[in-house]
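Engineer: See coords20.cif below, with mmCIF, C-alpha atoms and all ligand atoms.
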```cif
data_entry
loop_
_atom_site.group_PDB
_atom_site.id
_atom_site.type_symbol
_atom_site.label_atom_id
_atom_site.label_comp_id
_atom_site.auth_asym_id
_atom_site.auth_seq_id
_atom_site.Cartn_x
_atom_site.Cartn_y
_atom_site.Cartn_z
ATOM 1 C CA MET W 291 7.785 -37.689 39.748
ATOM 2 C CA ALA W 292 10.608 -36.981 37.316
ATOM 3 C CA ALA W 293 11.509 -33.364 36.610
ATOM 4 C CA THR W 294 10.438 -33.836 33.015
ATOM 5 C CA ASP W 295 6.926 -34.779 34.194
ATOM 6 C CA GLY W 296 6.711 -31.422 35.972
ATOM 7 C CA LEU W 297 7.890 -29.670 32.853
ATOM 8 C CA LYS W 298 5.331 -31.481 30.728
ATOM 9 C CA ALA W 299 2.513 -30.656 33.153
ATOM 10 C CA GLY W 300 3.548 -26.997 33.145
ATOM 11 C CA LEU W 301 3.751 -26.833 29.364
ATOM 12 C CA ASP W 302 0.434 -28.626 28.937
ATOM 13 C CA ALA W 303 -1.174 -26.057 31.243
ATOM 14 C CA LEU W 304 0.077 -23.074 29.166
ATOM 15 C CA PRO W 305 -2.731 -21.028 27.583
ATOM 16 C CA LEU W 306 -2.559 -21.097 23.779
ATOM 17 C CA LEU W 307 -2.806 -17.316 23.728
ATOM 18 C CA PRO W 308 -0.359 -14.385 23.603
ATOM 19 C CA ALA W 309 0.993 -13.530 27.065
ATOM 20 C CA ASN W 310 0.129 -9.869 26.464
ATOM 21 C CA ARG W 311 -3.385 -9.599 25.049
ATOM 22 C CA ALA W 312 -3.506 -5.811 24.747
ATOM 23 C CA PRO W 313 -4.870 -4.558 21.415
ATOM 24 C CA LEU W 314 -2.339 -3.145 18.935
ATOM 25 C CA ALA W 315 -1.049 0.363 19.617
ATOM 26 C CA PRO W 316 -3.288 2.960 17.956
ATOM 27 C CA GLU W 317 -1.490 5.246 15.482
ATOM 28 C CA TYR W 318 -2.433 8.566 17.042
ATOM 29 C CA PRO W 319 -0.581 11.569 15.602
ATOM 30 C CA TRP W 320 1.992 13.253 17.840
ATOM 31 C CA PRO W 321 1.111 16.775 18.971
ATOM 32 C CA ASP W 322 2.231 20.002 17.248
ATOM 33 C CA GLY W 323 3.056 18.326 13.953
ATOM 34 C CA ASN W 324 5.833 16.216 15.443
ATOM 35 C CA GLN W 325 6.808 13.163 13.455
ATOM 36 C CA ALA W 326 8.101 11.090 16.380
ATOM 37 C CA ALA W 327 8.604 11.242 20.119
ATOM 38 C CA MET W 328 11.428 10.634 22.531
ATOM 39 C CA PHE W 329 10.608 9.720 26.102
ATOM 40 C CA LEU W 330 13.719 11.023 27.824
ATOM 41 C CA SER W 331 14.050 8.991 30.991
ATOM 42 C CA PHE W 332 16.590 8.000 33.602
ATOM 43 C CA ASP W 333 16.562 5.224 36.201
ATOM 44 C CA VAL W 334 18.060 6.373 39.474
ATOM 45 C CA ASP W 335 19.076 3.174 41.260
ATOM 46 C CA ALA W 336 22.170 4.408 43.101
ATOM 47 C CA GLU W 337 23.503 1.670 45.412
ATOM 48 C CA SER W 338 20.192 -0.235 45.281
ATOM 49 C CA ALA W 339 21.150 -1.458 41.797
ATOM 50 C CA TRP W 340 23.890 -3.463 43.502
ATOM 51 C CA THR W 341 22.226 -4.523 46.785
ATOM 52 C CA ALA W 342 18.910 -5.840 45.365
ATOM 53 C CA LYS W 343 20.256 -9.316 44.737
ATOM 54 C CA ASP W 344 22.660 -9.406 47.691
ATOM 55 C CA PRO W 345 22.321 -6.952 50.612
ATOM 56 C CA ALA W 346 25.759 -8.054 51.893
ATOM 57 C CA ARG W 347 27.253 -6.064 49.040
ATOM 58 C CA TYR W 348 26.526 -2.930 51.050
ATOM 59 C CA GLY W 349 29.788 -3.709 52.830
ATOM 60 C CA GLU W 350 31.676 -3.853 49.529
ATOM 61 C CA LEU W 351 32.504 -0.193 49.401
ATOM 62 C CA VAL W 352 33.978 -0.062 45.918
ATOM 63 C CA THR W 353 30.978 -1.873 44.457
ATOM 64 C CA MET W 354 28.781 0.619 46.325
ATOM 65 C CA SER W 355 30.804 3.471 44.897
ATOM 66 C CA PHE W 356 29.504 2.704 41.388
ATOM 67 C CA GLY W 357 26.046 3.596 42.687
ATOM 68 C CA GLY W 358 27.314 6.393 44.901
ATOM 69 C CA TYR W 359 28.701 8.138 41.810
ATOM 70 C CA GLU W 360 25.103 8.830 40.887
ATOM 71 C CA ALA W 361 24.456 11.190 43.805
ATOM 72 C CA ARG W 362 27.954 12.664 44.026
ATOM 73 C CA VAL W 363 28.542 13.449 40.342
ATOM 74 C CA GLY W 364 26.335 11.756 37.739
ATOM 75 C CA THR W 365 22.919 13.206 38.532
ATOM 76 C CA PRO W 366 24.117 16.784 39.216
ATOM 77 C CA LYS W 367 26.047 16.812 35.918
ATOM 78 C CA LEU W 368 23.061 15.423 33.995
ATOM 79 C CA LEU W 369 20.780 18.032 35.574
ATOM 80 C CA GLU W 370 23.212 20.739 34.494
ATOM 81 C CA MET W 371 23.237 19.402 30.926
ATOM 82 C CA LEU W 372 19.417 19.206 30.812
ATOM 83 C CA ARG W 373 19.201 22.810 32.019
ATOM 84 C CA GLN W 374 21.556 23.869 29.237
ATOM 85 C CA GLN W 375 19.511 21.922 26.687
ATOM 86 C CA GLU W 376 16.248 23.267 28.154
ATOM 87 C CA LEU W 377 14.820 19.752 28.310
ATOM 88 C CA LYS W 378 12.598 18.067 30.882
ATOM 89 C CA ALA W 379 12.992 14.367 31.603
ATOM 90 C CA THR W 380 11.520 11.659 33.813
ATOM 91 C CA PHE W 381 13.602 10.187 36.631
ATOM 92 C CA PHE W 382 12.398 6.812 37.940
ATOM 93 C CA ILE W 383 13.861 6.615 41.459
ATOM 94 C CA THR W 384 13.975 3.688 43.879
ATOM 95 C CA GLY W 385 12.550 4.424 47.334
ATOM 96 C CA TRP W 386 15.877 3.423 48.862
ATOM 97 C CA SER W 387 17.650 6.090 46.787
ATOM 98 C CA VAL W 388 15.116 8.696 47.901
ATOM 99 C CA GLU W 389 15.789 7.810 51.562
ATOM 100 C CA ALA W 390 19.564 7.639 51.201
ATOM 101 C CA HIS W 391 20.066 10.573 48.819
ATOM 102 C CA PRO W 392 17.323 13.114 49.521
ATOM 103 C CA ALA W 393 19.375 16.091 48.315
ATOM 104 C CA MET W 394 19.953 14.483 44.910
ATOM 105 C CA CYS W 395 16.224 13.832 44.553
ATOM 106 C CA GLU W 396 15.258 17.321 45.707
ATOM 107 C CA ALA W 397 17.579 18.748 43.038
ATOM 108 C CA ILE W 398 15.805 16.688 40.352
ATOM 109 C CA LEU W 399 12.454 17.948 41.603
ATOM 110 C CA LYS W 400 13.638 21.561 41.856
ATOM 111 C CA ASP W 401 14.619 21.526 38.175
ATOM 112 C CA GLY W 402 11.042 20.635 37.234
ATOM 113 C CA HIS W 403 11.614 17.073 36.055
ATOM 114 C CA GLU W 404 9.055 14.340 36.495
ATOM 115 C CA ILE W 405 9.731 11.778 39.218
ATOM 116 C CA GLY W 406 8.519 8.212 38.718
ATOM 117 C CA HIS W 407 8.373 5.023 40.792
ATOM 118 C CA HIS W 408 11.118 2.418 40.445
ATOM 119 C CA GLY W 409 10.445 0.061 43.354
ATOM 120 C CA PHE W 410 11.981 0.430 46.798
ATOM 121 C CA HIS W 411 14.905 -1.989 46.905
ATOM 122 C CA HIS W 412 15.042 -2.409 43.121
ATOM 123 C CA LEU W 413 13.683 -5.951 43.446
ATOM 124 C CA MET W 414 12.735 -7.536 40.141
ATOM 125 C CA PRO W 415 8.920 -7.987 40.241
ATOM 126 C CA GLN W 416 8.199 -11.669 39.723
ATOM 127 C CA PRO W 417 4.927 -13.612 39.860
ATOM 128 C CA GLY W 418 4.077 -14.711 43.409
ATOM 129 C CA ASP W 419 6.844 -12.633 44.999
ATOM 130 C CA PRO W 420 5.788 -12.035 48.639
ATOM 131 C CA MET W 421 7.556 -8.619 48.581
ATOM 132 C CA LEU W 422 5.691 -7.326 45.529
ATOM 133 C CA VAL W 423 3.164 -5.176 47.419
ATOM 134 C CA GLU W 424 5.716 -3.897 49.927
ATOM 135 C CA GLU W 425 8.074 -2.823 47.125
ATOM 136 C CA VAL W 426 5.336 -0.731 45.522
ATOM 137 C CA ASP W 427 3.917 0.708 48.747
ATOM 138 C CA ARG W 428 7.264 1.542 50.354
ATOM 139 C CA GLY W 429 8.330 3.227 47.124
ATOM 140 C CA LEU W 430 5.138 5.303 47.073
ATOM 141 C CA ASP W 431 5.613 6.211 50.723
ATOM 142 C CA ALA W 432 9.223 7.363 50.254
ATOM 143 C CA LEU W 433 8.325 9.553 47.268
ATOM 144 C CA LYS W 434 5.402 11.130 49.102
ATOM 145 C CA ARG W 435 6.997 11.594 52.502
ATOM 146 C CA ARG W 436 10.424 12.796 51.342
ATOM 147 C CA LEU W 437 9.502 14.693 48.173
ATOM 148 C CA GLY W 438 5.753 15.268 48.285
ATOM 149 C CA VAL W 439 5.499 13.375 44.994
ATOM 150 C CA VAL W 440 2.600 11.136 43.954
ATOM 151 C CA PRO W 441 4.042 9.447 40.862
ATOM 152 C CA LYS W 442 2.096 8.880 37.663
ATOM 153 C CA GLY W 443 4.713 6.639 36.073
ATOM 154 C CA TYR W 444 6.352 3.356 37.019
ATOM 155 C CA ARG W 445 9.306 1.526 35.553
ATOM 156 C CA ALA W 446 9.877 -2.054 36.654
ATOM 157 C CA PRO W 447 13.253 -2.613 38.327
ATOM 158 C CA SER W 448 15.301 -5.003 36.163
ATOM 159 C CA GLY W 449 12.471 -4.832 33.629
ATOM 160 C CA GLU W 450 10.150 -7.642 34.730
ATOM 161 C CA PHE W 451 6.390 -7.600 35.260
ATOM 162 C CA CYS W 452 3.494 -9.865 36.248
ATOM 163 C CA GLU W 453 -0.291 -9.718 36.357
ATOM 164 C CA GLU W 454 -0.378 -9.038 40.135
ATOM 165 C CA LEU W 455 1.764 -5.954 39.537
ATOM 166 C CA ARG W 456 -0.404 -4.696 36.680
ATOM 167 C CA VAL W 457 -3.480 -4.946 38.919
ATOM 168 C CA LEU W 458 -1.700 -3.412 41.916
ATOM 169 C CA LEU W 459 -0.387 -0.379 40.017
ATOM 170 C CA LYS W 460 -3.857 0.339 38.644
ATOM 171 C CA ALA W 461 -5.330 0.047 42.150
ATOM 172 C CA ARG W 462 -2.683 2.467 43.475
ATOM 173 C CA GLY W 463 -3.604 5.062 40.851
ATOM 174 C CA LEU W 464 -0.527 4.906 38.628
ATOM 175 C CA VAL W 465 -1.189 6.156 35.091
ATOM 176 C CA TYR W 466 1.531 4.615 32.976
ATOM 177 C CA THR W 467 4.356 2.093 33.026
ATOM 178 C CA SER W 468 7.461 2.020 30.868
ATOM 179 C CA SER W 469 8.705 -1.534 31.050
ATOM 180 C CA PHE W 470 7.472 -3.727 28.189
ATOM 181 C CA ARG W 471 9.424 -4.427 25.008
ATOM 182 C CA ASP W 472 6.666 -5.328 22.604
ATOM 183 C CA ASP W 473 5.922 -2.114 20.725
ATOM 184 C CA VAL W 474 7.305 1.168 19.403
ATOM 185 C CA ARG W 475 4.240 3.262 20.243
ATOM 186 C CA PRO W 476 2.214 3.768 23.429
ATOM 187 C CA TYR W 477 -0.627 1.349 24.041
ATOM 188 C CA ARG W 478 -3.014 0.494 26.838
ATOM 189 C CA HIS W 479 -2.638 -2.677 28.876
ATOM 190 C CA LEU W 480 -5.508 -5.137 29.059
ATOM 191 C CA LEU W 481 -5.757 -6.907 32.406
ATOM 192 C CA ALA W 482 -6.553 -10.600 32.677
ATOM 193 C CA ASP W 483 -10.049 -9.752 33.961
ATOM 194 C CA GLY W 484 -10.720 -7.869 30.708
ATOM 195 C CA THR W 485 -10.562 -4.355 32.168
ATOM 196 C CA PRO W 486 -8.163 -1.683 30.869
ATOM 197 C CA GLY W 487 -4.839 -1.295 32.659
ATOM 198 C CA LEU W 488 -2.146 1.378 32.594
ATOM 199 C CA VAL W 489 -0.728 3.044 29.478
ATOM 200 C CA GLU W 490 2.518 1.421 28.356
ATOM 201 C CA LEU W 491 5.405 3.518 27.020
ATOM 202 C CA PRO W 492 7.543 0.682 25.650
ATOM 203 C CA VAL W 493 11.317 0.478 25.989
ATOM 204 C CA THR W 494 14.046 -1.077 23.901
ATOM 205 C CA ALA W 495 17.533 -2.335 24.642
ATOM 206 C CA SER W 496 18.984 0.091 22.058
ATOM 207 C CA TYR W 497 18.625 3.018 24.450
ATOM 208 C CA ASP W 498 19.551 1.212 27.681
ATOM 209 C CA ASP W 499 22.986 2.493 28.633
ATOM 210 C CA TRP W 500 23.466 -0.282 31.214
ATOM 211 C CA LEU W 501 23.792 -2.653 28.275
ATOM 212 C CA LEU W 502 26.106 -0.315 26.422
ATOM 213 C CA GLY W 503 29.045 -0.310 28.715
ATOM 214 C CA LEU W 504 28.919 0.651 32.364
ATOM 215 C CA SER W 505 32.020 -1.129 33.543
ATOM 216 C CA GLN W 506 33.207 -4.639 33.983
ATOM 217 C CA ARG W 507 31.835 -4.824 37.542
ATOM 218 C CA TYR W 508 29.800 -8.060 37.655
ATOM 219 C CA SER W 509 29.129 -7.483 33.989
ATOM 220 C CA ARG W 510 29.964 -9.334 30.827
ATOM 221 C CA HIS W 511 29.283 -6.237 28.756
ATOM 222 C CA THR W 512 32.231 -4.465 27.325
ATOM 223 C CA LEU W 513 32.640 -0.692 27.402
ATOM 224 C CA LEU W 514 31.411 0.501 23.986
ATOM 225 C CA THR W 515 32.930 3.483 22.244
ATOM 226 C CA ARG W 516 31.203 6.750 21.405
ATOM 227 C CA GLU W 517 30.980 5.794 17.715
ATOM 228 C CA GLN W 518 29.330 2.463 18.504
ATOM 229 C CA VAL W 519 26.734 3.919 20.846
ATOM 230 C CA LEU W 520 26.019 6.985 18.717
ATOM 231 C CA SER W 521 25.478 4.887 15.599
ATOM 232 C CA LEU W 522 23.038 2.614 17.488
ATOM 233 C CA TRP W 523 21.133 5.598 18.817
ATOM 234 C CA THR W 524 21.022 7.652 15.612
ATOM 235 C CA ASP W 525 20.114 4.670 13.381
ATOM 236 C CA GLU W 526 17.300 3.645 15.710
ATOM 237 C CA LEU W 527 15.989 7.211 15.824
ATOM 238 C CA ALA W 528 16.163 7.711 12.043
ATOM 239 C CA GLU W 529 14.105 4.606 11.349
ATOM 240 C CA LEU W 530 11.589 5.019 14.160
ATOM 241 C CA ARG W 531 11.013 8.610 13.047
ATOM 242 C CA ASP W 532 10.128 7.298 9.591
ATOM 243 C CA TRP W 533 7.685 4.964 11.322
ATOM 244 C CA GLY W 534 6.171 7.799 13.383
ATOM 245 C CA ALA W 535 7.137 5.873 16.485
ATOM 246 C CA MET W 536 8.751 6.706 19.819
ATOM 247 C CA ALA W 537 12.161 6.232 21.409
ATOM 248 C CA THR W 538 12.340 5.549 25.131
ATOM 249 C CA THR W 539 15.696 6.058 26.780
ATOM 250 C CA VAL W 540 16.654 3.949 29.798
ATOM 251 C CA LEU W 541 19.642 5.885 31.077
ATOM 252 C CA HIS W 542 21.333 5.524 34.447
ATOM 253 C CA PRO W 543 23.253 8.425 36.007
ATOM 254 C CA GLN W 544 25.932 5.927 37.054
ATOM 255 C CA CYS W 545 26.489 5.219 33.330
ATOM 256 C CA SER W 546 25.375 8.292 31.392
ATOM 257 C CA GLY W 547 26.644 10.655 34.083
ATOM 258 C CA ARG W 548 30.223 9.600 33.307
ATOM 259 C CA PRO W 549 32.075 12.306 31.340
ATOM 260 C CA MET W 550 32.358 10.411 28.048
ATOM 261 C CA ARG W 551 28.766 9.161 28.257
ATOM 262 C CA LEU W 552 27.353 12.558 29.136
ATOM 263 C CA ARG W 553 29.172 14.116 26.192
ATOM 264 C CA LEU W 554 27.727 11.490 23.880
ATOM 265 C CA LEU W 555 24.205 11.925 25.286
ATOM 266 C CA ARG W 556 24.437 15.693 24.763
ATOM 267 C CA GLU W 557 25.558 15.103 21.183
ATOM 268 C CA PHE W 558 22.700 12.647 20.588
ATOM 269 C CA LEU W 559 20.084 15.045 21.990
ATOM 270 C CA GLU W 560 21.453 17.867 19.838
ATOM 271 C CA HIS W 561 21.290 15.541 16.834
ATOM 272 C CA ALA W 562 17.683 14.563 17.617
ATOM 273 C CA ARG W 563 16.729 18.222 17.797
ATOM 274 C CA THR W 564 18.116 18.942 14.328
ATOM 275 C CA TYR W 565 15.147 17.006 12.890
ATOM 276 C CA GLY W 566 12.892 19.728 14.281
ATOM 277 C CA ASP W 567 9.999 17.285 14.629
ATOM 278 C CA VAL W 568 11.010 14.864 17.373
ATOM 279 C CA TRP W 569 9.038 15.620 20.543
ATOM 280 C CA ILE W 570 11.520 15.148 23.404
ATOM 281 C CA THR W 571 9.563 15.020 26.629
ATOM 282 C CA THR W 572 8.533 13.249 29.834
ATOM 283 C CA GLY W 573 6.474 10.094 30.220
ATOM 284 C CA GLU W 574 3.731 12.044 31.926
ATOM 285 C CA GLN W 575 3.318 14.230 28.820
ATOM 286 C CA ILE W 576 3.278 11.286 26.410
ATOM 287 C CA ALA W 577 0.839 9.299 28.552
ATOM 288 C CA ALA W 578 -1.452 12.353 28.856
ATOM 289 C CA HIS W 579 -1.352 12.843 25.085
ATOM 290 C CA PHE W 580 -2.236 9.182 24.577
ATOM 291 C CA ALA W 581 -5.126 9.369 27.039
ATOM 292 C CA ALA W 582 -6.456 12.541 25.371
ATOM 293 C CA CYS W 583 -6.358 10.900 21.918
ATOM 294 C CA GLU W 584 -7.991 7.782 23.330
ATOM 295 C CA ALA W 585 -10.783 9.897 24.796
ATOM 296 C CA GLY W 586 -11.236 11.498 21.380
ATOM 297 C CA GLY W 587 -9.924 14.888 22.547
HETATM 298 ZN ZN ZN R 1 16.865 0.361 37.743
#
```
Can you give me the file's structure in the form of structure tokens?
Structural biologist:
Amino acid sequence: MAATDGLKAGLDALPLLPANRAPLAPEYPWPDGNQAAMFLSFDVDAESAWTAKDPARYGELVTMSFGGYEARVGTPKLLEMLRQQELKATFFITGWSVEAHPAMCEAILKDGHEIGHHGFHHLMPQPGDPMLVEEVDRGLDALKRRLGVVPKGYRAPSGEFCEELRVLLKARGLVYTSSFRDDVRPYRHLLADGTPGLVELPVTASYDDWLLGLSQRYSRHTLLTREQVLSLWTDELAELRDWGAMATTVLHPQCSGRPMRLRLLREFLEHARTYGDVWITTGEQIAAHFAACEAGG
């Protein structure tokens, strides 16, 4: 059979329906008169960002050092800045990072931040992946055993998802995910069997620092300047605030823990606070607010 026959069969089998059939996001008001929300979140991948696709890279010590920066410098400096700003954030941590860098993770916990699930080896969740369940369960085990944490939130490593994962996370008792790109407000997933799934706190590329200049290591992205990043971030915030929507940051301590990036993040957070009505908080808080509104509370 020619390859094109396989393609045709696959295309002919596609449902003529949206891939995500969740109802539109309800326009619940934000609490305390806030006009918009910012889900302040970090993805702590450390070296697992670099070994997920090729474990042999563990022997490439300079490549590993990009991830190692996270535990040595990036995360401690970000924690210091968040203390100064009196802000709480969510840190989605891979199980591997919890095992390899327990002190870094304990410091995050000690400062009262929320800790979320980010896989174990940072494997991109793909349909039919035989490691899908192990990634979730090993991640849960590492968080519980090392930190005593039972996470409410999940962010998909490398931002991919599939129906098996939606079902699995619900079965494991997770409350929300922050992975999809199809809205600017929280909404509730609808599983293929018609039952409700987790709450989604959607993300956008605008606030993903990995795309805004980490380094040239295995990356085609250039290093963007402060002015470029700040204008992206402030323009996005200004408009989404007018919409009554939410911003979700996807920041990595190996990017935003660099001196220039940390300075720019501090400046952006200070700018956001000048509005006086942008609720800067954790995913747990936003998901709980959504669930309360949904329940009519
Ligand atoms: Zn990640």
Engineer: Please extract the residues at most 8 Å from ligand ZN 1 (chain R), counting all atoms listed in the file, and provide them as a PyMOL selection string, using the chain letters and residue numbers of this document.
Structural biologist: chain W and resi 333-335+339+382-384+408+412+445-449+542
Engineer: I'd like the interatomic distance between CA of His407 in chain W and CA of Gly385 in chain W, to a tenth of an Å.
Structural biologist: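 Distance between the two atoms: 7.8 Å.
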Engineer: May I ask for the distance between CA of Leu413 in chain W and CA of Gly349 in chain W, given in Å to one decimal place?
Structural biologist: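 That distance, rounded to one decimal, is 18.8 Å.
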Engineer: Determine the residue membership of the PyMOL selection byres (((chain W and resi 489-491) around 7) and not hetatm) for the file above and supply it as a list in words.
Structural biologist: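 Checking the PyMOL selection byres (((chain W and resi 489-491) around 7) and not hetatm) against this file, the residues are Val465, Tyr466, Thr467, Ser468, Arg475, Pro476, Tyr477, Arg478, His479, Gly487, Leu488, Pro492, Val493 and Ala577 of chain W.
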Engineer: Using the selection just defined, write its residues with C-alpha atoms as a compact mmCIF listing (two decimals), in the coordinates of the input.
Structural biologist:
```txt
# COMPACT_ATOMS: atom_id res chain seq x y z
CA VAL W 465 -1.19 6.16 35.09
CA TYR W 466 1.53 4.62 32.98
CA THR W 467 4.36 2.09 33.03
CA SER W 468 7.46 2.02 30.87
CA ARG W 475 4.24 3.26 20.24
CA PRO W 476 2.21 3.77 23.43
CA TYR W 477 -0.63 1.35 24.04
CA ARG W 478 -3.01 0.49 26.84
CA HIS W 479 -2.64 -2.68 28.88
CA GLY W 487 -4.84 -1.30 32.66
CA LEU W 488 -2.15 1.38 32.59
CA PRO W 492 7.54 0.68 25.65
CA VAL W 493 11.32 0.48 25.99
CA ALA W 577 0.84 9.30 28.55
```
Engineer: Taking the file as shown, what set of residues would the PyMOL selection byres (((chain W and resi 343) around 12) and not hetatm) give back, as a ChimeraX atom specification?
Structural biologist: /W:337-342,344-348,411-414,447-448,508
